[in-house]
Every structure is written in structure tokens, then in C-alpha cells.
Amino acid sequence: AQRVTQPEKLLSVFKGAPVELKCNYSYSGSPELFWYVQYSRQRLQLLLRHISRESIKGFTADLNKGETSFHLKKPFAQEEDSAMYYCALSPYTSGTASKLTFGTGTRLQVTL
Amino acid sequence: EAQVTQNPRYLITVTGKKLTVTCSQNMNHEYMSWYRQDPGLGLRQIYYSMNVEVTDKGDVPEGYKVSRKEKRNFPLILESPSPNQTSLYFCASRPDRMSDLFTDTQYFGPGTRLTVL
């Protein structure tokens, strides 16, 4: 069974401070990992995915298979980063669609 | 505009009164899914559908039904709602993996806040 763990419910940082949102997963096969973000009163949207190795809004995430982690990082937090962040896992299959499992989410609060 | 729509956005009902939450997407996506979002539990998948007439259970299917008679629509049915189904519900869609349009990104609807008294 696949599982995603986000150990922190709330992460509060000062503006300009580094941010690291933790995500650990368990899955026996080869997973695809994602970070989704939900800003206040907005729908959930994809922030980034590990296969594209991109940086979005200054955020990056590296898949560490040895530690089964996919932590989200940003060197300098901005007020507009305040939101709910969800880590998600999808088992890679060569066939058709598969389940997406979410973590419980971490609320990032950036204060002045 | 490409989007996923849900109706109603807010619903207050009573225990046992059947209800349907509609979900529609205009992107010709094969894959559609329903999630519920609860504090401290994150998003949990209820049901998903890989294409018309193909549905499967997610992690928390008890008390819910779905149907996929048309590609664009994926309604969520609560035959006999109970208070523990009070939650925020999200519908999502994306292209099939075998499609030329495939992307990992799931497009989410705006959510339906359901209260069962």
C-alpha cells in the first residue's frame, strides 16, 4: 500500500527565512511525487512534480529514494507563500490511470 | 476556459436524504476522481473513473456511489447521508496516461462544502 506522511500540521516562519516542508512516503515500487498547494479560498493546484525537476515560485523538491523523502524547499519565504501544502504520490504504471494518495497537509504561515 | 465545475458549492441537508453532487469537465479528460478533505486527514480519494462506464473504489468509498455515463460528467451520490459525511468534496480530472495529452496534473474543481445534520 502507498502512504504519504507530512509530519508537520503547521509551519510558521518569518518572511525571508528558509522554508522546508517535509514529506516522506512509503511505496514498494517506483513512485511519482507531487506537491499541490491550496491558497485561501482557492482550489487545489499543482505546484511541482519530481519528474520535471523544475522550480516553481522559487520552490524546489528533490526525490530522495534512499530516504523516501520529497521535501519542499524555498530559500526565502514570502507572505504570498502562506497556504496549505499537500504532498502526493502516484504509483508509476505503464498502463492507464492510477490512484493519487495525499498526505495530511502542512499549513505554511509566513509572518512579518 | 478549461475547467472542472461542481454543483452545488454549498449544501446543508439532513440525515438520510439522498443527494447528488455533480462534477463536469470540459477538457475531454478520461480520468476523473472524487476526494473529501477533512481537517487533520488531508484529501482522501473516494472513487475514481478511468473512462466511461469504468469506475473503481478509492480509499474511503463507503457510503458513496458514482456513475460515469458520459465522459464529461462524474456525479457523486450519497444515497443516505450521515453526519460523518460532512466534509469538503473535490472533483478532479486529467487525461489518460495513454493519451497524447497526458499530464500528471490533476485539475481540481472549486469544492463542495456539505453539511449533514
# chains A, B, ... in the order shown; residues from 1 in each chain; ligands from 1
$ select_by_dssp --residues "region 23-80 of chain B" --states "strand (DSSP E)" --output "PyMOL selection string"
chain B and resi 23-25+31-38+42-51+54-57+65-66+76-78
$ interface_residues --of "chain B" --to "chain A" --cutoff "9 Å" --atoms "only C-alpha atoms" --output "PyMOL selection string"
chain B and resi 30-31+33+38-45+48-50+58-59+90+95-98+104-111
$ atom_distance --atom1 "CA of Val21 (chain B)" --atom2 "CA of Ile46 (chain B)"
13.2 Å
$ atom_distance --atom1 "CA of Gln25 (chain B)" --atom2 "CA of Thr112 (chain B)"
15.2 Å
$ atom_distance --atom1 "CA of Glu79 (chain B)" --atom2 "CA of Glu53 (chain B)"
19.5 Å
$ residues_around --residues "Glu70 (chain B)" --least-positions-apart "4" --cutoff "9 Å" --atoms "only C-alpha atoms" --output "list in words"
Asn51, Val52, Glu53 and Phe74 of chain B
$ write_last_selection --atoms "N, CA and C atoms" --output "PDB file, in the first residue's frame"
ATOM      1  N   ASN B  51     -12.514   5.911 -17.322  1.00  0.00           N
ATOM      2  CA  ASN B  51     -13.198   6.267 -18.566  1.00  0.00           C
ATOM      3  C   ASN B  51     -14.685   5.980 -18.405  1.00  0.00           C
ATOM      4  N   VAL B  52     -15.441   6.217 -19.436  1.00  0.00           N
ATOM      5  CA  VAL B  52     -16.884   5.994 -19.380  1.00  0.00           C
ATOM      6  C   VAL B  52     -17.171   4.551 -18.978  1.00  0.00           C
ATOM      7  N   GLU B  53     -18.071   4.406 -18.021  1.00  0.00           N
ATOM      8  CA  GLU B  53     -18.510   3.100 -17.525  1.00  0.00           C
ATOM      9  C   GLU B  53     -17.410   2.322 -16.803  1.00  0.00           C
ATOM     10  N   PHE B  74     -19.230  13.228 -13.839  1.00  0.00           N
ATOM     11  CA  PHE B  74     -18.886  12.195 -12.847  1.00  0.00           C
ATOM     12  C   PHE B  74     -19.586  12.550 -11.530  1.00  0.00           C
TER      13      PHE B  74
END
$ closest_residue --among "B:Asn26, B:Arg72, B:Ala92, B:Pro83" --to "Val14 (chain B)" --atoms "only C-alpha atoms"
B:Pro83
$ select_by_dssp --residues "chain A" --states "helix (DSSP H, G or I)" --output "VMD selection string"
chain A and resid 50 to 52 79 to 81
$ residues_around --residues "Pro75 (chain A)" --least-positions-apart "3" --cutoff "7 Å" --atoms "only C-alpha atoms" --output "list in words"
Ala17, Pro18 and Val19 of chain A
$ residues_around --residues "Asn73 (chain B)" --least-positions-apart "6" --cutoff "9 Å" --atoms "only C-alpha atoms" --output "list in words"
Thr22, Cys23, Ser24, Gln25, Met32 and Ser67 of chain B
$ write_last_selection --atoms "N, CA, C and O atoms" --output "PDB file, in the first residue's frame"
ATOM      1  N   THR B  22     -22.807  17.176  -8.481  1.00  0.00           N
ATOM      2  CA  THR B  22     -22.390  16.988  -9.872  1.00  0.00           C
ATOM      3  C   THR B  22     -20.971  17.495 -10.095  1.00  0.00           C
ATOM      4  O   THR B  22     -20.486  18.402  -9.406  1.00  0.00           O
ATOM      5  N   CYS B  23     -20.296  16.884 -11.057  1.00  0.00           N
ATOM      6  CA  CYS B  23     -18.965  17.302 -11.461  1.00  0.00           C
ATOM      7  C   CYS B  23     -18.904  17.227 -12.975  1.00  0.00           C
ATOM      8  O   CYS B  23     -19.290  16.198 -13.562  1.00  0.00           O
ATOM      9  N   SER B  24     -18.408  18.272 -13.593  1.00  0.00           N
ATOM     10  CA  SER B  24     -18.323  18.289 -15.035  1.00  0.00           C
ATOM     11  C   SER B  24     -17.007  18.928 -15.457  1.00  0.00           C
ATOM     12  O   SER B  24     -16.554  19.898 -14.859  1.00  0.00           O
ATOM     13  N   GLN B  25     -16.390  18.344 -16.503  1.00  0.00           N
ATOM     14  CA  GLN B  25     -15.148  18.923 -17.037  1.00  0.00           C
ATOM     15  C   GLN B  25     -15.270  19.061 -18.547  1.00  0.00           C
ATOM     16  O   GLN B  25     -15.890  18.233 -19.207  1.00  0.00           O
ATOM     17  N   MET B  32     -11.299  10.806 -14.021  1.00  0.00           N
ATOM     18  CA  MET B  32     -11.936  11.718 -13.078  1.00  0.00           C
ATOM     19  C   MET B  32     -11.950  11.066 -11.704  1.00  0.00           C
ATOM     20  O   MET B  32     -11.915   9.839 -11.586  1.00  0.00           O
ATOM     21  N   SER B  67     -21.214   7.357 -10.853  1.00  0.00           N
ATOM     22  CA  SER B  67     -21.532   6.812 -12.166  1.00  0.00           C
ATOM     23  C   SER B  67     -20.769   7.605 -13.221  1.00  0.00           C
ATOM     24  O   SER B  67     -20.431   8.767 -13.008  1.00  0.00           O
TER      25      SER B  67
END
$ residues_around --residues "Pro61 (chain B)" --least-positions-apart "3" --cutoff "12 Å" --atoms "only C-alpha atoms" --output "list of chain:residue names"
B:Ser33, B:Trp34, B:Tyr35, B:Arg36, B:Arg44, B:Gln45, B:Ile46, B:Tyr47, B:Tyr48, B:Thr55, B:Asp56, B:Lys57, B:Gly58, B:Tyr64, B:Lys65, B:Val66, B:Leu76, B:Ile77, B:Leu78, B:Gln85
$ closest_residue --among "B:Glu1, B:Val116, B:Gln37, B:Leu88" --to "Gly16 (chain B)" --atoms "only C-alpha atoms"
B:Val116
$ closest_residue --among "A:Ser30, A:Thr68, A:Ser82, A:Thr60" --to "Val4 (chain A)" --atoms "only C-alpha atoms"
A:Thr68
